[in-house]
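Colleague: As input, take my_file-v6.pdb (PDB, C-alpha atoms, pLDDT in the B column):
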ATOM      1  CA  MET U 298     -21.999  20.803  11.884  1.00 34.00           C
ATOM      2  CA  GLY U 299     -25.457  20.754  10.325  1.00 37.00           C
ATOM      3  CA  GLY U 300     -26.655  18.533   7.520  1.00 39.00           C
ATOM      4  CA  SER U 301     -25.909  21.016   4.770  1.00 38.00           C
ATOM      5  CA  ALA U 302     -23.072  23.081   6.202  1.00 41.00           C
ATOM      6  CA  GLU U 303     -20.408  23.623   3.582  1.00 44.00           C
ATOM      7  CA  LEU U 304     -16.913  22.419   4.361  1.00 48.00           C
ATOM      8  CA  SER U 305     -15.271  24.333   1.568  1.00 46.00           C
ATOM      9  CA  PRO U 306     -16.715  26.444  -1.180  1.00 42.00           C
ATOM     10  CA  GLU U 307     -14.740  24.467  -3.750  1.00 45.00           C
ATOM     11  CA  ILE U 308     -12.116  21.775  -3.780  1.00 47.00           C
ATOM     12  CA  GLY U 309     -10.227  23.768  -6.376  1.00 45.00           C
ATOM     13  CA  PRO U 310     -11.236  26.764  -8.446  1.00 38.00           C
ATOM     14  CA  GLU U 311     -10.835  24.823 -11.681  1.00 47.00           C
ATOM     15  CA  ILE U 312     -12.736  21.788 -10.423  1.00 59.00           C
ATOM     16  CA  GLY U 313     -15.921  23.337  -9.038  1.00 85.00           C
ATOM     17  CA  TYR U 314     -16.949  20.751  -6.418  1.00 91.00           C
ATOM     18  CA  THR U 315     -18.614  21.653  -3.146  1.00 94.00           C
ATOM     19  CA  LEU U 316     -18.126  19.423  -0.097  1.00 94.00           C
ATOM     20  CA  LYS U 317     -20.968  19.229   2.417  1.00 94.00           C
ATOM     21  CA  ARG U 318     -22.190  16.959   5.159  1.00 95.00           C
ATOM     22  CA  LEU U 319     -24.604  14.549   3.501  1.00 96.00           C
ATOM     23  CA  ARG U 320     -27.921  12.968   4.381  1.00 95.00           C
ATOM     24  CA  PRO U 321     -28.416  10.070   1.962  1.00 96.00           C
ATOM     25  CA  THR U 322     -32.115  10.762   1.552  1.00 95.00           C
ATOM     26  CA  VAL U 323     -31.922  13.017  -1.514  1.00 93.00           C
ATOM     27  CA  ALA U 324     -32.689  11.892  -5.077  1.00 95.00           C
ATOM     28  CA  ALA U 325     -29.085  12.655  -6.106  1.00 97.00           C
ATOM     29  CA  PHE U 326     -27.895   9.994  -3.631  1.00 98.00           C
ATOM     30  CA  ASP U 327     -30.273   7.441  -5.139  1.00 97.00           C
ATOM     31  CA  MET U 328     -28.770   8.100  -8.575  1.00 97.00           C
ATOM     32  CA  LEU U 329     -25.210   7.611  -7.283  1.00 98.00           C
ATOM     33  CA  LYS U 330     -26.298   4.504  -5.354  1.00 98.00           C
ATOM     34  CA  GLU U 331     -27.754   2.995  -8.517  1.00 97.00           C
ATOM     35  CA  GLU U 332     -24.565   3.743 -10.465  1.00 97.00           C
ATOM     36  CA  SER U 333     -22.475   2.007  -7.789  1.00 96.00           C
ATOM     37  CA  ARG U 334     -24.795  -1.008  -7.756  1.00 96.00           C
ATOM     38  CA  LEU U 335     -24.631  -1.349 -11.543  1.00 97.00           C
ATOM     39  CA  GLU U 336     -20.820  -1.383 -11.261  1.00 94.00           C
ATOM     40  CA  GLY U 337     -21.093  -4.242  -8.771  1.00 93.00           C
ATOM     41  CA  TYR U 338     -20.370  -2.202  -5.648  1.00 91.00           C
ATOM     42  CA  TRP U 339     -22.862  -2.468  -2.788  1.00 93.00           C
ATOM     43  CA  MET U 340     -21.417   0.041  -0.297  1.00 93.00           C
ATOM     44  CA  LEU U 341     -23.954   2.761  -1.106  1.00 97.00           C
ATOM     45  CA  VAL U 342     -26.834   0.291  -0.888  1.00 96.00           C
ATOM     46  CA  ARG U 343     -25.555  -0.662   2.589  1.00 95.00           C
ATOM     47  CA  LEU U 344     -25.128   3.032   3.463  1.00 96.00           C
ATOM     48  CA  GLY U 345     -28.724   3.813   2.430  1.00 97.00           C
ATOM     49  CA  ASP U 346     -30.097   0.787   4.268  1.00 96.00           C
ATOM     50  CA  GLY U 347     -28.123   1.594   7.429  1.00 96.00           C
ATOM     51  CA  TRP U 348     -29.349   5.189   7.382  1.00 97.00           C
ATOM     52  CA  ALA U 349     -32.987   4.218   6.745  1.00 96.00           C
ATOM     53  CA  SER U 350     -32.979   1.617   9.536  1.00 97.00           C
ATOM     54  CA  GLY U 351     -31.235   3.970  11.974  1.00 96.00           C
ATOM     55  CA  ARG U 352     -28.286   1.538  12.377  1.00 95.00           C
ATOM     56  CA  ASN U 353     -25.816   4.080  11.028  1.00 95.00           C
ATOM     57  CA  LYS U 354     -26.614   7.768  10.772  1.00 96.00           C
ATOM     58  CA  PHE U 355     -23.019   8.940  11.328  1.00 97.00           C
ATOM     59  CA  LEU U 356     -24.033  10.718  14.539  1.00 95.00           C
ATOM     60  CA  LYS U 357     -21.634   9.255  17.117  1.00 96.00           C
ATOM     61  CA  ARG U 358     -18.663  11.259  18.369  1.00 95.00           C
ATOM     62  CA  GLY U 359     -16.308  11.984  15.463  1.00 96.00           C
ATOM     63  CA  GLU U 360     -18.503  10.449  12.778  1.00 97.00           C
ATOM     64  CA  ALA U 361     -19.512  12.246   9.580  1.00 98.00           C
ATOM     65  CA  LEU U 362     -20.784  11.527   6.085  1.00 98.00           C
ATOM     66  CA  PHE U 363     -19.563  13.813   3.312  1.00 98.00           C
ATOM     67  CA  GLY U 364     -20.839  14.420  -0.184  1.00 97.00           C
ATOM     68  CA  ALA U 365     -19.070  16.146  -3.051  1.00 97.00           C
ATOM     69  CA  TRP U 366     -21.456  18.063  -5.277  1.00 96.00           C
ATOM     70  CA  HIS U 367     -20.934  19.254  -8.826  1.00 94.00           C
ATOM     71  CA  GLY U 368     -23.850  21.627  -9.197  1.00 92.00           C
ATOM     72  CA  ALA U 369     -26.979  19.581  -8.439  1.00 92.00           C
ATOM     73  CA  GLU U 370     -25.173  16.286  -9.097  1.00 94.00           C
ATOM     74  CA  LEU U 371     -23.781  14.226  -6.225  1.00 97.00           C
ATOM     75  CA  ALA U 372     -20.361  13.257  -7.607  1.00 97.00           C
ATOM     76  CA  GLY U 373     -18.999  11.280  -4.659  1.00 97.00           C
ATOM     77  CA  VAL U 374     -19.404  10.257  -1.028  1.00 98.00           C
ATOM     78  CA  CYS U 375     -17.193   9.151   1.836  1.00 98.00           C
ATOM     79  CA  GLY U 376     -17.936   8.556   5.507  1.00 98.00           C
ATOM     80  CA  LEU U 377     -16.162   8.247   8.825  1.00 98.00           C
ATOM     81  CA  ASN U 378     -17.453   5.945  11.543  1.00 97.00           C
ATOM     82  CA  ILE U 379     -16.220   4.601  14.827  1.00 97.00           C
ATOM     83  CA  ASP U 380     -14.826   1.267  13.650  1.00 97.00           C
ATOM     84  CA  PRO U 381     -17.471  -1.348  14.563  1.00 94.00           C
ATOM     85  CA  TYR U 382     -14.907  -4.163  14.403  1.00 94.00           C
ATOM     86  CA  PHE U 383     -12.863  -2.902  17.382  1.00 93.00           C
ATOM     87  CA  GLU U 384     -13.666  -2.481  21.055  1.00 90.00           C
ATOM     88  CA  GLY U 385     -13.627   1.082  22.315  1.00 84.00           C
ATOM     89  CA  ARG U 386     -13.915   4.298  20.403  1.00 89.00           C
ATOM     90  CA  ASP U 387     -10.332   5.092  19.424  1.00 94.00           C
ATOM     91  CA  HIS U 388     -10.433   3.435  15.973  1.00 97.00           C
ATOM     92  CA  GLY U 389     -12.117   5.282  13.121  1.00 97.00           C
ATOM     93  CA  ARG U 390     -13.069   3.697   9.819  1.00 98.00           C
ATOM     94  CA  VAL U 391     -13.277   5.081   6.275  1.00 98.00           C
ATOM     95  CA  ARG U 392     -16.696   4.035   4.998  1.00 96.00           C
ATOM     96  CA  HIS U 393     -18.541   3.906   1.705  1.00 96.00           C
ATOM     97  CA  LEU U 394     -16.120   5.790  -0.566  1.00 96.00           C
ATOM     98  CA  PHE U 395     -17.548   6.022  -4.060  1.00 96.00           C
ATOM     99  CA  VAL U 396     -17.000   8.515  -6.884  1.00 96.00           C
ATOM    100  CA  SER U 397     -19.176   8.626  -9.991  1.00 97.00           C
ATOM    101  CA  ALA U 398     -17.406   7.388 -13.122  1.00 96.00           C
ATOM    102  CA  ARG U 399     -17.877  10.825 -14.722  1.00 94.00           C
ATOM    103  CA  HIS U 400     -15.832  12.420 -11.929  1.00 95.00           C
ATOM    104  CA  ARG U 401     -13.015   9.931 -11.473  1.00 93.00           C
ATOM    105  CA  ARG U 402      -9.371  10.826 -12.062  1.00 90.00           C
ATOM    106  CA  ALA U 403     -10.009  14.433 -10.989  1.00 88.00           C
ATOM    107  CA  GLY U 404      -8.700  14.030  -7.420  1.00 92.00           C
ATOM    108  CA  LEU U 405     -12.158  13.835  -5.897  1.00 94.00           C
ATOM    109  CA  GLY U 406     -11.672  10.469  -4.151  1.00 95.00           C
ATOM    110  CA  ARG U 407      -8.386  11.719  -2.703  1.00 96.00           C
ATOM    111  CA  THR U 408     -10.045  14.913  -1.482  1.00 95.00           C
ATOM    112  CA  LEU U 409     -12.911  13.025   0.152  1.00 97.00           C
ATOM    113  CA  VAL U 410     -10.551  10.655   1.980  1.00 97.00           C
ATOM    114  CA  GLU U 411      -8.296  13.572   3.021  1.00 97.00           C
ATOM    115  CA  ILE U 412     -11.325  15.298   4.596  1.00 96.00           C
ATOM    116  CA  VAL U 413     -12.049  12.064   6.486  1.00 97.00           C
ATOM    117  CA  ILE U 414      -8.384  11.789   7.575  1.00 98.00           C
ATOM    118  CA  ASP U 415      -8.368  15.388   8.839  1.00 97.00           C
ATOM    119  CA  ARG U 416     -11.521  14.772  10.866  1.00 97.00           C
ATOM    120  CA  ALA U 417     -10.282  11.389  12.120  1.00 97.00           C
ATOM    121  CA  ARG U 418      -7.098  12.998  13.511  1.00 96.00           C
ATOM    122  CA  GLN U 419      -9.289  15.036  15.860  1.00 96.00           C
ATOM    123  CA  TYR U 420     -11.190  12.063  17.302  1.00 97.00           C
ATOM    124  CA  PHE U 421      -9.287   8.806  16.790  1.00 97.00           C
ATOM    125  CA  THR U 422      -5.804   7.357  17.282  1.00 97.00           C
ATOM    126  CA  VAL U 423      -6.163   4.958  14.335  1.00 97.00           C
ATOM    127  CA  LEU U 424      -8.019   5.064  11.016  1.00 98.00           C
ATOM    128  CA  ASN U 425      -8.845   1.739   9.298  1.00 98.00           C
ATOM    129  CA  THR U 426     -10.328   0.712   6.000  1.00 97.00           C
ATOM    130  CA  ARG U 427     -11.082  -2.484   4.126  1.00 95.00           C
ATOM    131  CA  ALA U 428     -10.368  -1.759   0.490  1.00 93.00           C
ATOM    132  CA  PRO U 429     -10.774  -3.900  -2.595  1.00 90.00           C
ATOM    133  CA  PRO U 430      -7.437  -4.910  -4.140  1.00 93.00           C
ATOM    134  CA  GLU U 431      -7.834  -2.404  -6.988  1.00 90.00           C
ATOM    135  CA  ALA U 432      -7.832   0.420  -4.390  1.00 93.00           C
ATOM    136  CA  PHE U 433      -4.752  -0.695  -2.405  1.00 96.00           C
ATOM    137  CA  ALA U 434      -2.353   1.661  -4.242  1.00 97.00           C
ATOM    138  CA  PHE U 435      -4.806   4.565  -3.821  1.00 97.00           C
ATOM    139  CA  TYR U 436      -4.861   4.204  -0.018  1.00 98.00           C
ATOM    140  CA  GLU U 437      -1.109   3.619   0.169  1.00 97.00           C
ATOM    141  CA  ARG U 438      -0.470   6.876  -1.749  1.00 97.00           C
ATOM    142  CA  LEU U 439      -2.548   8.646   0.909  1.00 97.00           C
ATOM    143  CA  GLY U 440      -0.283   7.290   3.668  1.00 97.00           C
ATOM    144  CA  PHE U 441      -2.174   4.199   4.808  1.00 98.00           C
ATOM    145  CA  GLN U 442      -0.069   1.135   5.632  1.00 98.00           C
ATOM    146  CA  ARG U 443      -1.062  -2.317   4.402  1.00 97.00           C
ATOM    147  CA  VAL U 444      -2.306  -4.659   7.143  1.00 97.00           C
ATOM    148  CA  GLU U 445      -1.928  -8.435   6.851  1.00 95.00           C
ATOM    149  CA  GLY U 446      -3.892 -11.043   8.777  1.00 94.00           C
ATOM    150  CA  GLU U 447      -6.874  -8.962   9.916  1.00 94.00           C
ATOM    151  CA  GLU U 448     -10.226  -9.960   8.508  1.00 93.00           C
ATOM    152  CA  PHE U 449     -11.817  -6.503   8.458  1.00 95.00           C
ATOM    153  CA  VAL U 450      -8.824  -4.248   7.785  1.00 97.00           C
ATOM    154  CA  THR U 451      -6.618  -4.031   4.705  1.00 97.00           C
ATOM    155  CA  HIS U 452      -5.067  -0.623   5.498  1.00 98.00           C
ATOM    156  CA  ARG U 453      -4.436   1.480   8.583  1.00 98.00           C
ATOM    157  CA  MET U 454      -3.212   4.961   9.426  1.00 98.00           C
ATOM    158  CA  VAL U 455      -1.920   5.563  12.956  1.00 97.00           C
ATOM    159  CA  PHE U 456      -1.975   9.119  14.308  1.00 95.00           C
ATOM    160  CA  ARG U 457       0.657  10.361  16.712  1.00 77.00           C
ATOM    161  CA  LYS U 458      -0.027  12.899  19.427  1.00 60.00           C
ATOM    162  CA  GLY U 459      -0.156  16.339  17.858  1.00 51.00           C
ATOM    163  CA  ASN U 460      -0.464  14.806  14.382  1.00 48.00           C
TER     164      ASN U 460
END
Is it possible to express this structure as structure tokens?

Modeller:
Amino acid sequence: MGGSAELSPEIGPEIGYTLKRLRPTVAAFDMLKEESRLEGYWMLVRLGDGWASGRNKFLKRGEALFGAWHGAELAGVCGLNIDPYFEGRDHGRVRHLFVSARHRRAGLGRTLVEIVIDRARQYFTVLNTRAPPEAFAFYERLGFQRVEGEEFVTHRMVFRKGN
């Protein structure tokens, strides 16, 4: 899929978001990155740095970075990587989920993670994430199971064959 190929024309007719593959080099990303930083979240700063350095461009098998647009405004982002904390390539990882405060509580975070889950099912047997405590219930509602005793994973979804 190309850098601007649309995934769906809209998440819902009443909502008016467009999901596309994202390159975090546009001014709209910088605005969302600054909002996240001001809230004390550094995931979009790390995403931008990883992209700029070439460390993480979401180009390996199964990987993707998605943006949700509301007109010209980037309302949210979420990525899927091969999990760097596990050997092999069968573990995927939800990366850099962030939704602008103006767009929260509209189902956008859920939709972004569901897109990542759907893609992960095609490429991975397991999908991991490391969420802050305030997001635990969010991931559990999406079907992730809490993981105890792993440094880099708080939640995991295991896919069965044909799932």

Colleague: Check what the PyMOL selection byres ((chain U and resi 368) around 12) selects in the file above and give those residues as an NGL selection string.

Modeller: :U and (306-307 or 312-316 or 325 or 364-367 or 369-372)

Colleague: With range 439-447 of chain U as the partner and 10 Å as the cut-off, tabulate the residues of range 363-415 of chain U that qualify, each row holding the nearest pair of atoms and their distance in Å to one decimal, using only C-alpha atoms, sorted by chain and rising number, as JSON lines.

Modeller:
{"residue": "U:Arg407", "atom": "CA", "partner": "U:Leu439", "partner_atom": "CA", "distance": 7.5}
{"residue": "U:Val410", "atom": "CA", "partner": "U:Leu439", "partner_atom": "CA", "distance": 8.3}
{"residue": "U:Glu411", "atom": "CA", "partner": "U:Leu439", "partner_atom": "CA", "distance": 7.9}
{"residue": "U:Ile414", "atom": "CA", "partner": "U:Leu439", "partner_atom": "CA", "distance": 9.4}

Colleague: Using CA of Phe435 in chain U and CA of Arg334 in chain U as the two end points, give the distance in Å to one decimal.

Modeller: 21.1 Å

Colleague: Give me, as a compact mmCIF listing (two decimals) with C-alpha atoms, in the coordinates of the input, all polymer residues having an atom no more than 10 Å from Arg386 in chain U, counting only C-alpha atoms and skipping those fewer than 6 positions away in the same chain.

Modeller:
# COMPACT_ATOMS: atom_id res chain seq x y z
CA LYS U 357 -21.63 9.26 17.12
CA ARG U 358 -18.66 11.26 18.37
CA GLY U 359 -16.31 11.98 15.46
CA ASN U 378 -17.45 5.94 11.54
CA ILE U 379 -16.22 4.60 14.83
CA ASP U 380 -14.83 1.27 13.65
CA TYR U 420 -11.19 12.06 17.30
CA PHE U 421 -9.29 8.81 16.79
CA THR U 422 -5.80 7.36 17.28
CA VAL U 423 -6.16 4.96 14.34

Colleague: Expanded to explicit residues, what is the PyMOL selection byres ((chain U and resi 432) around 12) for this file, as a list in words?

Modeller: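 Taken over the shown coordinates, the PyMOL selection byres ((chain U and resi 432) around 12) returns Leu394, Phe395, Gly406, Arg407, Thr426, Arg427, Ala428, Pro429, Pro430, Glu431, Phe433, Ala434, Phe435, Tyr436, Glu437, Arg438, Leu439, Phe441, Arg443, Thr451 and His452 of chain U.
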